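Text of query.cif, listed as mmCIF, C-alpha atoms and all ligand atoms:
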```cif
data_input
loop_
_atom_site.label_atom_id
_atom_site.label_comp_id
_atom_site.auth_asym_id
_atom_site.auth_seq_id
_atom_site.Cartn_x
_atom_site.Cartn_y
_atom_site.Cartn_z
CA THR A 23 -23.54 -26.98 26.92
CA ILE A 24 -23.87 -26.29 30.62
CA LYS A 25 -20.24 -25.20 30.74
CA GLU A 26 -20.87 -22.58 28.05
CA LYS A 27 -24.14 -21.43 29.57
CA ILE A 28 -22.52 -20.83 32.95
CA LYS A 29 -19.67 -18.94 31.31
CA GLN A 30 -22.15 -16.68 29.52
CA LEU A 31 -23.88 -15.57 32.73
CA LYS A 32 -23.55 -11.90 33.53
CA ASP A 33 -21.72 -10.84 36.69
CA GLY A 34 -23.92 -11.47 39.71
CA GLN A 35 -26.48 -13.48 37.72
CA VAL A 36 -27.69 -16.51 39.67
CA PHE A 37 -29.32 -19.64 38.28
CA LEU A 38 -31.07 -22.82 39.28
CA SER A 39 -31.24 -26.33 37.89
CA LEU A 40 -33.79 -29.09 38.45
CA GLU A 41 -33.42 -32.85 38.81
CA PHE A 42 -36.20 -35.25 37.78
CA PHE A 43 -36.47 -39.01 37.70
CA PRO A 44 -38.25 -41.07 35.02
CA PRO A 45 -41.70 -42.18 36.27
CA LYS A 46 -42.59 -45.86 35.94
CA THR A 47 -46.01 -45.54 34.32
CA GLU A 48 -47.38 -43.82 31.23
CA SER A 49 -49.69 -41.62 33.29
CA GLY A 50 -46.78 -40.74 35.59
CA ILE A 51 -44.82 -39.61 32.56
CA ARG A 52 -47.72 -37.51 31.24
CA ASN A 53 -48.14 -35.80 34.63
CA LEU A 54 -44.45 -35.12 34.88
CA LEU A 55 -44.27 -33.58 31.42
CA ALA A 56 -47.16 -31.24 32.23
CA ARG A 57 -45.42 -30.26 35.47
CA MET A 58 -42.09 -29.70 33.75
CA GLU A 59 -43.77 -27.50 31.22
CA ARG A 60 -45.14 -25.35 34.07
CA MET A 61 -41.76 -25.37 35.79
CA SER A 62 -40.11 -23.96 32.71
CA ALA A 63 -41.50 -20.65 34.04
CA LEU A 64 -38.82 -20.95 36.76
CA ASN A 65 -36.29 -20.56 33.97
CA PRO A 66 -33.88 -23.33 34.99
CA LEU A 67 -30.47 -23.08 33.34
CA PHE A 68 -30.72 -26.83 32.82
CA VAL A 69 -32.58 -29.94 33.96
CA THR A 70 -31.08 -33.31 34.83
CA ILE A 71 -32.63 -36.77 34.52
CA THR A 72 -31.54 -39.58 36.81
CA TRP A 73 -30.26 -42.97 35.67
CA GLY A 74 -31.14 -46.19 37.48
CA ALA A 75 -28.00 -47.90 38.79
CA GLY A 76 -26.95 -50.82 36.60
CA GLY A 77 -28.91 -49.39 33.65
CA SER A 78 -32.26 -50.29 35.22
CA THR A 79 -34.02 -47.23 33.77
CA ASN A 80 -32.00 -46.80 30.60
CA GLU A 81 -34.92 -46.76 28.17
CA LYS A 82 -37.06 -44.51 30.33
CA THR A 83 -34.19 -42.15 31.04
CA LEU A 84 -33.24 -41.93 27.37
CA SER A 85 -36.79 -41.33 26.31
CA LEU A 86 -37.29 -38.59 28.92
CA VAL A 87 -34.03 -36.80 28.06
CA GLN A 88 -35.04 -36.79 24.43
CA THR A 89 -38.43 -35.23 25.25
CA CYS A 90 -36.86 -32.66 27.58
CA GLN A 91 -34.29 -31.60 25.04
CA LYS A 92 -36.34 -31.73 21.87
CA GLU A 93 -39.91 -31.01 22.88
CA LEU A 94 -39.64 -29.02 26.09
CA ASP A 95 -36.55 -27.20 24.88
CA PHE A 96 -34.62 -27.57 28.15
CA THR A 97 -30.86 -27.76 28.18
CA THR A 98 -30.78 -31.34 29.41
CA CYS A 99 -28.19 -33.30 31.33
CA MET A 100 -28.39 -37.08 31.49
CA HIS A 101 -27.10 -38.87 34.58
CA LEU A 102 -25.11 -42.01 33.76
CA THR A 103 -23.70 -44.57 36.19
CA CYS A 104 -20.88 -46.88 35.27
CA THR A 105 -20.44 -49.78 37.68
CA ASN A 106 -22.35 -53.04 37.63
CA THR A 107 -23.26 -52.14 34.07
CA GLU A 108 -22.39 -53.76 30.75
CA LYS A 109 -20.09 -51.52 28.75
CA SER A 110 -22.46 -51.87 25.80
CA ILE A 111 -25.21 -50.15 27.81
CA ILE A 112 -22.91 -47.20 28.47
CA ASP A 113 -21.85 -47.04 24.82
CA GLU A 114 -25.42 -47.11 23.65
CA ALA A 115 -26.53 -44.48 26.18
CA LEU A 116 -23.79 -42.07 25.09
CA ALA A 117 -24.47 -42.66 21.39
CA LYS A 118 -28.22 -42.13 21.82
CA ALA A 119 -27.68 -39.05 23.97
CA LYS A 120 -25.56 -37.56 21.20
CA GLU A 121 -28.14 -38.52 18.59
CA TYR A 122 -30.83 -36.71 20.64
CA GLY A 123 -28.75 -33.55 20.84
CA ILE A 124 -27.85 -33.97 24.52
CA ARG A 125 -24.58 -32.17 25.30
CA ASN A 126 -24.33 -32.81 29.05
CA ILE A 127 -23.67 -35.90 31.15
CA LEU A 128 -23.50 -36.24 34.93
CA ALA A 129 -20.90 -39.00 35.27
CA LEU A 130 -21.46 -41.18 38.34
CA ARG A 131 -20.31 -44.41 39.79
CA GLY A 132 -23.69 -45.67 40.98
CA ASP A 133 -24.83 -47.19 44.23
CA PRO A 134 -24.62 -50.87 45.12
CA PRO A 135 -27.51 -52.98 43.86
CA ARG A 136 -30.29 -53.26 46.41
CA GLY A 137 -29.72 -55.91 49.02
CA GLU A 138 -25.96 -55.67 48.95
CA GLU A 139 -24.88 -53.69 51.92
CA TYR A 140 -21.42 -52.95 50.66
CA PHE A 141 -20.48 -52.00 47.21
CA VAL A 142 -18.76 -54.63 45.09
CA SER A 143 -17.69 -53.17 41.81
CA ASN A 144 -17.58 -55.39 38.75
CA ALA A 145 -14.10 -56.16 37.60
CA GLY A 146 -14.77 -54.40 34.30
CA ASP A 147 -13.50 -51.15 32.91
CA PHE A 148 -15.32 -48.95 35.36
CA GLN A 149 -14.55 -48.96 39.06
CA HIS A 150 -15.10 -45.32 39.95
CA ALA A 151 -16.81 -42.33 38.40
CA VAL A 152 -13.42 -41.04 37.22
CA ASP A 153 -13.20 -44.01 34.82
CA LEU A 154 -16.41 -42.86 33.15
CA VAL A 155 -15.21 -39.26 32.94
CA LYS A 156 -12.01 -40.47 31.22
CA TYR A 157 -13.94 -42.78 28.92
CA ILE A 158 -16.33 -40.04 27.77
CA ARG A 159 -13.40 -37.70 27.08
CA GLU A 160 -11.57 -40.44 25.15
CA GLN A 161 -14.60 -41.35 23.05
CA TYR A 162 -16.21 -37.95 22.56
CA GLY A 163 -13.53 -35.31 23.19
CA ASP A 164 -15.17 -32.07 24.25
CA TYR A 165 -18.58 -32.84 22.77
CA PHE A 166 -20.13 -33.39 26.22
CA SER A 167 -19.97 -31.05 29.17
CA ILE A 168 -19.39 -33.39 32.11
CA GLY A 169 -20.60 -32.96 35.67
CA VAL A 170 -19.57 -35.06 38.68
CA ALA A 171 -20.88 -35.62 42.20
CA ALA A 172 -19.37 -34.38 45.46
CA TYR A 173 -20.29 -34.83 49.11
CA PRO A 174 -20.08 -31.84 51.49
CA GLU A 175 -20.11 -34.24 54.46
CA GLY A 176 -17.98 -36.94 52.82
CA HIS A 177 -19.17 -39.89 50.75
CA CYS A 178 -20.56 -42.77 52.74
CA GLU A 179 -20.30 -46.39 51.68
CA GLY A 180 -23.00 -48.67 53.11
CA ALA A 181 -24.50 -48.00 56.50
CA ASP A 182 -21.29 -47.11 58.32
CA SER A 183 -20.89 -43.35 58.47
CA SER A 184 -17.77 -43.47 60.64
CA GLU A 185 -15.51 -43.29 57.58
CA GLN A 186 -17.33 -40.36 56.03
CA SER A 187 -14.81 -37.57 55.44
CA VAL A 188 -14.34 -34.78 52.95
CA GLU A 189 -10.55 -35.06 53.29
CA LYS A 190 -10.65 -38.70 52.16
CA ASP A 191 -12.75 -37.87 49.07
CA LEU A 192 -10.90 -34.73 47.95
CA PRO A 193 -8.01 -36.40 46.09
CA TYR A 194 -10.53 -38.54 44.18
CA LEU A 195 -12.67 -35.52 43.42
CA LYS A 196 -9.53 -33.85 42.11
CA GLU A 197 -8.96 -36.87 39.87
CA LYS A 198 -12.42 -36.39 38.39
CA VAL A 199 -11.79 -32.70 37.78
CA ASP A 200 -8.36 -33.37 36.28
CA ALA A 201 -9.90 -36.02 34.01
CA GLY A 202 -12.15 -33.37 32.51
CA ALA A 203 -15.18 -32.64 34.70
CA ASP A 204 -16.66 -29.20 34.03
CA PHE A 205 -18.98 -28.74 36.99
CA ILE A 206 -19.85 -30.28 40.35
CA ILE A 207 -23.24 -31.04 41.86
CA THR A 208 -23.30 -31.89 45.55
CA GLN A 209 -25.21 -34.43 47.52
CA LEU A 210 -28.12 -32.87 49.41
CA PHE A 211 -27.30 -31.27 52.75
CA TYR A 212 -28.96 -29.04 55.34
CA ASP A 213 -25.88 -27.89 57.24
CA VAL A 214 -24.56 -24.75 55.58
CA GLU A 215 -21.40 -24.72 57.71
CA LYS A 216 -20.42 -28.15 56.39
CA PHE A 217 -21.00 -27.03 52.82
CA LEU A 218 -18.93 -23.87 53.32
CA THR A 219 -16.04 -25.82 54.84
CA PHE A 220 -16.17 -28.22 51.90
CA GLU A 221 -16.34 -25.38 49.37
CA SER A 222 -13.31 -23.59 50.76
CA LEU A 223 -11.26 -26.81 50.96
CA PHE A 224 -12.25 -27.57 47.38
CA ARG A 225 -11.20 -24.08 46.24
CA GLU A 226 -7.87 -24.45 48.02
CA LYS A 227 -7.02 -28.02 47.01
CA VAL A 228 -8.90 -28.85 43.81
CA SER A 229 -9.94 -25.94 41.64
CA LYS A 230 -10.37 -22.19 41.99
CA ASP A 231 -13.04 -21.74 39.36
CA ILE A 232 -14.99 -24.84 38.38
CA PRO A 233 -18.66 -24.27 39.31
CA ILE A 234 -20.05 -26.04 42.38
CA LEU A 235 -23.83 -26.36 42.58
CA PRO A 236 -25.16 -27.11 46.06
CA GLY A 237 -27.78 -29.88 45.91
CA LEU A 238 -30.95 -28.93 47.80
CA MET A 239 -33.99 -31.01 48.57
CA PRO A 240 -37.19 -29.17 49.51
CA ILE A 241 -38.89 -30.31 52.69
CA ASN A 242 -42.27 -31.78 51.73
CA THR A 243 -43.23 -33.77 54.81
CA TYR A 244 -41.45 -34.20 58.12
CA GLN A 245 -41.08 -37.96 57.66
CA LEU A 246 -39.68 -37.67 54.13
CA PHE A 247 -37.28 -34.95 55.21
CA HIS A 248 -35.77 -37.23 57.87
CA ARG A 249 -35.73 -40.20 55.55
CA ALA A 250 -33.96 -38.35 52.74
CA ALA A 251 -31.39 -36.89 55.14
CA LYS A 252 -30.74 -40.32 56.63
CA LEU A 253 -30.42 -42.06 53.26
CA SER A 254 -28.02 -39.39 52.05
CA HIS A 255 -26.09 -39.33 55.33
CA ALA A 256 -26.79 -35.62 55.62
CA SER A 257 -26.89 -34.18 59.12
CA ILE A 258 -29.67 -31.83 60.19
CA PRO A 259 -28.45 -29.00 62.43
CA GLN A 260 -30.26 -28.51 65.74
CA HIS A 261 -31.47 -25.00 64.84
CA ILE A 262 -33.36 -26.52 61.89
CA LEU A 263 -34.80 -29.39 63.94
CA ASP A 264 -36.00 -26.80 66.46
CA LYS A 265 -38.25 -25.26 63.81
CA PHE A 266 -40.37 -28.40 63.81
CA PRO A 267 -41.87 -28.86 67.29
CA GLU A 268 -43.78 -32.10 67.74
CA SER A 269 -47.10 -30.28 67.58
CA ILE A 270 -46.65 -29.45 63.88
CA GLN A 271 -44.77 -32.48 62.60
CA ASN A 272 -47.92 -33.99 61.10
CA ASP A 273 -49.21 -30.73 59.64
CA ASP A 274 -47.85 -31.09 56.10
CA ASP A 275 -48.79 -27.59 54.98
CA LYS A 276 -47.01 -25.99 57.90
CA VAL A 277 -43.98 -28.27 57.51
CA LYS A 278 -43.78 -27.39 53.83
CA SER A 279 -43.96 -23.66 54.40
CA ILE A 280 -41.31 -23.75 57.15
CA GLY A 281 -39.25 -25.90 54.77
CA VAL A 282 -39.53 -23.24 52.06
CA GLU A 283 -38.05 -20.65 54.41
CA ILE A 284 -35.27 -23.00 55.51
CA ILE A 285 -34.14 -23.73 51.96
CA ARG A 286 -34.44 -20.07 50.98
CA ASP A 287 -32.25 -19.09 53.95
CA ILE A 288 -29.69 -21.76 53.03
CA ILE A 289 -29.47 -20.35 49.50
CA HIS A 290 -29.08 -16.78 50.67
CA GLU A 291 -26.49 -17.67 53.27
CA ILE A 292 -24.39 -19.66 50.82
CA TYR A 293 -24.53 -16.90 48.24
CA SER A 294 -23.52 -14.17 50.64
CA ARG A 295 -20.87 -16.14 52.54
CA THR A 296 -19.15 -17.28 49.33
CA ASN A 297 -19.34 -13.71 47.98
CA GLY A 298 -21.33 -14.97 45.02
CA ARG A 299 -18.75 -17.65 44.10
CA VAL A 300 -21.63 -20.10 44.34
CA GLU A 301 -24.08 -18.77 41.78
CA GLY A 302 -26.14 -21.84 40.86
CA PHE A 303 -28.43 -24.00 43.00
CA HIS A 304 -29.54 -27.51 42.09
CA PHE A 305 -32.91 -28.84 43.28
CA TYR A 306 -33.71 -32.47 43.87
CA THR A 307 -37.33 -31.98 42.87
CA LEU A 308 -38.60 -35.54 43.53
CA ASN A 309 -40.74 -34.63 40.50
CA LEU A 310 -42.68 -32.16 42.66
CA GLU A 311 -43.31 -28.57 41.83
CA LYS A 312 -44.93 -26.52 44.58
CA SER A 313 -42.19 -26.15 47.18
CA ILE A 314 -39.64 -25.15 44.59
CA ALA A 315 -41.94 -22.58 43.00
CA GLN A 316 -42.47 -21.13 46.49
CA ILE A 317 -38.78 -21.11 47.31
CA VAL A 318 -38.10 -19.19 44.12
CA GLU A 319 -40.95 -16.79 44.79
CA LYS A 320 -39.82 -16.12 48.38
CA SER A 321 -36.17 -15.73 47.51
CA THR A 322 -35.14 -12.24 46.42
CA LEU A 323 -32.08 -13.87 44.89
CA LEU A 324 -33.79 -16.60 42.85
CA SER A 325 -36.79 -14.53 41.80
CA ARG A 326 -34.24 -12.53 39.81
CA VAL A 327 -33.83 -15.65 37.65
CA ILE A 328 -37.42 -15.27 36.47
CA GLU A 329 -37.13 -11.50 36.08
CA ASP A 330 -34.03 -12.00 33.93
CA ASN A 331 -36.04 -14.37 31.79
CA ALA A 332 -38.93 -11.93 31.46
CA GLU A 333 -36.48 -9.18 30.53
CA ASP A 334 -34.87 -11.38 27.86
CA GLU A 335 -38.30 -12.17 26.46
CA ASP A 336 -39.27 -8.48 26.41
CA ASN A 337 -36.07 -7.67 24.56
CA ALA A 338 -36.68 -10.48 22.10
CA ILE A 339 -40.20 -9.24 21.43
CA ALA A 340 -38.97 -5.65 21.09
CA GLU A 341 -36.48 -6.88 18.54
CA GLY A 342 -39.19 -8.76 16.69
CA ASP A 343 -37.42 -12.03 17.50
CA GLU A 344 -40.22 -14.37 18.44
P1 LIG A 401 -16.99 -41.90 42.92
O1 LIG A 401 -16.54 -40.55 42.54
O2 LIG A 401 -16.43 -43.05 42.19
O3 LIG A 401 -16.69 -42.07 44.47
C1 LIG A 401 -17.23 -43.15 45.20
C2 LIG A 401 -16.36 -43.46 46.42
O4 LIG A 401 -15.14 -44.05 46.01
C3 LIG A 401 -15.98 -42.25 47.27
O5 LIG A 401 -16.00 -42.67 48.61
C4 LIG A 401 -14.60 -41.92 46.81
O6 LIG A 401 -13.86 -41.28 47.83
C5 LIG A 401 -14.06 -43.31 46.48
N1 LIG A 401 -13.07 -43.31 45.38
C6 LIG A 401 -13.16 -42.64 44.21
N2 LIG A 401 -12.10 -42.92 43.43
C7 LIG A 401 -11.34 -43.80 44.11
C8 LIG A 401 -10.10 -44.47 43.83
N3 LIG A 401 -9.45 -44.27 42.68
N4 LIG A 401 -9.62 -45.32 44.78
C9 LIG A 401 -10.28 -45.52 45.94
N5 LIG A 401 -11.44 -44.90 46.26
C10 LIG A 401 -11.96 -44.05 45.36
N6 LIG A 401 -26.98 -42.81 41.59
C11 LIG A 401 -27.67 -43.47 40.61
O7 LIG A 401 -27.70 -44.69 40.61
N7 LIG A 401 -28.33 -42.77 39.62
C12 LIG A 401 -28.30 -41.42 39.56
O8 LIG A 401 -28.88 -40.83 38.64
C13 LIG A 401 -27.59 -40.70 40.57
N8 LIG A 401 -27.52 -39.34 40.56
C14 LIG A 401 -26.77 -38.68 41.51
C15 LIG A 401 -26.66 -37.29 41.44
C16 LIG A 401 -25.91 -36.59 42.38
C17 LIG A 401 -25.78 -35.09 42.26
C18 LIG A 401 -25.26 -37.31 43.44
C19 LIG A 401 -24.48 -36.56 44.49
C20 LIG A 401 -25.37 -38.69 43.51
C21 LIG A 401 -26.11 -39.39 42.55
N9 LIG A 401 -26.21 -40.79 42.57
C22 LIG A 401 -26.91 -41.45 41.59
C23 LIG A 401 -25.61 -41.57 43.66
C24 LIG A 401 -24.15 -42.01 43.37
O9 LIG A 401 -24.15 -42.95 42.32
C25 LIG A 401 -23.60 -42.62 44.64
O10 LIG A 401 -23.49 -41.64 45.64
C26 LIG A 401 -22.35 -43.44 44.53
O11 LIG A 401 -22.20 -44.17 45.75
C27 LIG A 401 -21.07 -42.63 44.34
O12 LIG A 401 -21.01 -42.08 43.11
P2 LIG A 401 -19.81 -41.07 42.69
O13 LIG A 401 -20.04 -40.76 41.28
O14 LIG A 401 -19.70 -39.96 43.66
O15 LIG A 401 -18.57 -42.08 42.87
#
```
Could you take the file, read its structure, and then write that structure out as structure tokens?
Ligand code: FAD
Amino acid sequence: TIKEKIKQLKDGQVFLSLEFFPPKTESGIRNLLARMERMSALNPLFVTITWGAGGSTNEKTLSLVQTCQKELDFTTCMHLTCTNTEKSIIDEALAKAKEYGIRNILALRGDPPRGEEYFVSNAGDFQHAVDLVKYIREQYGDYFSIGVAAYPEGHCEGADSSEQSVEKDLPYLKEKVDAGADFIITQLFYDVEKFLTFESLFREKVSKDIPILPGLMPINTYQLFHRAAKLSHASIPQHILDKFPESIQNDDDKVKSIGVEIIRDIIHEIYSRTNGRVEGFHFYTLNLEKSIAQIVEKSTLLSRVIEDNAEDEDNAIAEGDE
């Protein structure tokens, strides 16, 4: 499980994880699998596969997690949302995941269905992500390692960001941890200061040792960068905006390469300012490969992940363990 794999890391060993979503078409799936196979060279500790709110991608998600776990040999984590969903869909998803050898679930509430500005939960068993965490523990004990979401700038409901606050979320995040969550993955952010404030509050008020993985989204084009930040209610600090003068905003190659440096710097700053307490970094890949490969290559910290892998392989070969 992810919990065990993190525990087994050596002192000072860093890791990365990768999120993918299930493509809609057969050819999309084929392309993604080829890409994931190449990305296994980045030696992710685990990969995660998203779940469409309300169970809208359940078959595609289940099929992709099975392939990732069984054929591509990734430690795989399946996202699962719990509101606006029939309980039978959740039961079936958990049973199938177990059948496929999946040991990790990212337990989420889910966003409101499209078109509804504010979230109306169904009156069923699941109102919040914590209900799913409790349910999985009740039904499966410690079989699954469970991750939950957190928001370094506060969770935002609907379009109104005025009520966004980390302080408001913290007691609920604590409930999720107390109910049995093993690790945290954050919403994407670009403001390191906000993440660091969140991390130290979390350490003080929720848990001293449960792993927190910062969620990072590579910058692929200037428009997408703004759109993703807006949709996730993530602020972009002025010093980052200043790196993209108007003259280069439409030059995708330049934007991408500046983006690589920005994300690399965010990783290094978080690692050094938390004295290595944050040792894993989660990438929202958008099913794309290049920026992440470049971030890893340009980061002295993350390129160690690949060197560690090469070293392990050398040792295995030396020991005749192929
Ligand atoms: P919760 O933990 O339930 O929190 C939601 C809100 O309710 C927060 O504002 C919290 O403060 C509040 N709250 C919690 N408990 C209580 C309580 N007892 N009483 C009152 N208020 C409470 N969505 C998908 O549809 N599919 C995915 O695959 C997916 N993957 C994601 C991966 C990550 C890493 C992240 C960060 C988000 C992901 N999402 C996904 C989006 C997520 O479903 C939404 O952000 C959703 O709005 C909140 O989910 P949550 O699990 O954080 O909810």
message: Let me see if you get this right: every residue at most 7 Å from ligand LIG 401 (chain A), counting all atoms listed in the file, written as a ChimeraX atom specification.
response: /A:71-75,101-103,129-133,149-152,170-173,177-179,190-191,194-195,207-209,237
field: Length of the CA of Ile234 in chain A to CA of Phe148 in chain A vector [Å]
entry: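 Taking CA of Ile234 in chain A as the start and CA of Phe148 in chain A as the end point, the length is 24.4 Å.
The closest residue to Lys32 in chain A, picked from A:Val87, A:Val327, A:Ile127, A:Ala256 and counting all atoms listed in the file, is A:Val327.
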task: Pick out the residues sitting within 12 Å of range 271-279 of chain A, and hand them over as a PyMOL selection string; count all atoms listed in the file, and ignore anything fewer than 4 positions along from it in its own chain.
output: chain A and resi 239-248+262-267+283-286+312-317+320
Using only C-alpha atoms, what table do you get, as CSV, when you list each residue of range 260-314 of chain A with an atom no more than 10 Å from range 53-56 of chain A, its nearest pair of atoms, and their distance in Å rounded to one decimal, rows by chain then rising number?
```
residue,atom,partner,partner_atom,distance
A:Asn309,CA,A:Leu54,CA,6.8
A:Leu310,CA,A:Leu54,CA,8.5
A:Glu311,CA,A:Leu54,CA,9.6
```
message: Between CA of Glu41 in chain A and CA of Thr70 in chain A, what distance in Å does the model show, to one decimal?
response: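 Those two atoms sit 4.6 Å apart.
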task: Could you check how far CA of Asn106 in chain A sits from CA of Asn80 in chain A, in Å to one decimal?
output: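 Separation between CA of Asn106 in chain A and CA of Asn80 in chain A: 13.5 Å.
You can rank A:Leu31, A:Lys156, A:Lys25, A:His290 by their closest distance to Ser325 in chain A using all atoms listed in the file, and at the top of that list sits A:His290.
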query: For Glu114 in chain A, which of A:Val300, A:Val36, A:Met58, A:Leu84 is the closest residue, counting only C-alpha atoms?
result: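 Selected residue with least distance to Glu114 in chain A: A:Leu84.
Selection around (-23.4, -29.1, 22.6) with radius 12 Å, counting only C-alpha atoms, yields the residues Thr23, Ile24, Lys25, Glu26, Lys27, Gln91, Thr97, Thr98, Cys99, Ala119, Lys120, Glu121, Tyr122, Gly123, Ile124, Arg125, Asn126, Ile127, Tyr162, Gly163, Asp164, Tyr165, Phe166, Ser167 and Ile168 of chain A.
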message: When you look at Phe96 in chain A with a cut-off of 7 Å (counting all atoms listed in the file), what residues show up, excluding the ones that are within fewer than 3 positions of it in the same chain? I need them as a list in words.
response: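 Neighbouring residues, sequence-local ones excluded: Phe68, Val69, Cys90 and Gln91 of chain A.
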- prompt: Which of these, A:Gln161, A:Gln30, A:Gln35, A:Ser184, has the shortest distance to Phe303 in chain A once you count only C-alpha atoms?
  reply: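 For Phe303 in chain A, the nearest of the given residues is A:Gln35.
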query: Do you know which residues lie at most 12 Å from (-40.7, -42.7, 26.3), with coordinates as in the file and only C-alpha atoms counted, and could you write them as a ChimeraX atom specification?
result: /A:44-52,55,79-90
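Of the listed residues (A:Ala250, A:Tyr157, A:Tyr306, A:Ala201), A:Tyr157 comes nearest to Asp113 in chain A; the distances count all atoms listed in the file.
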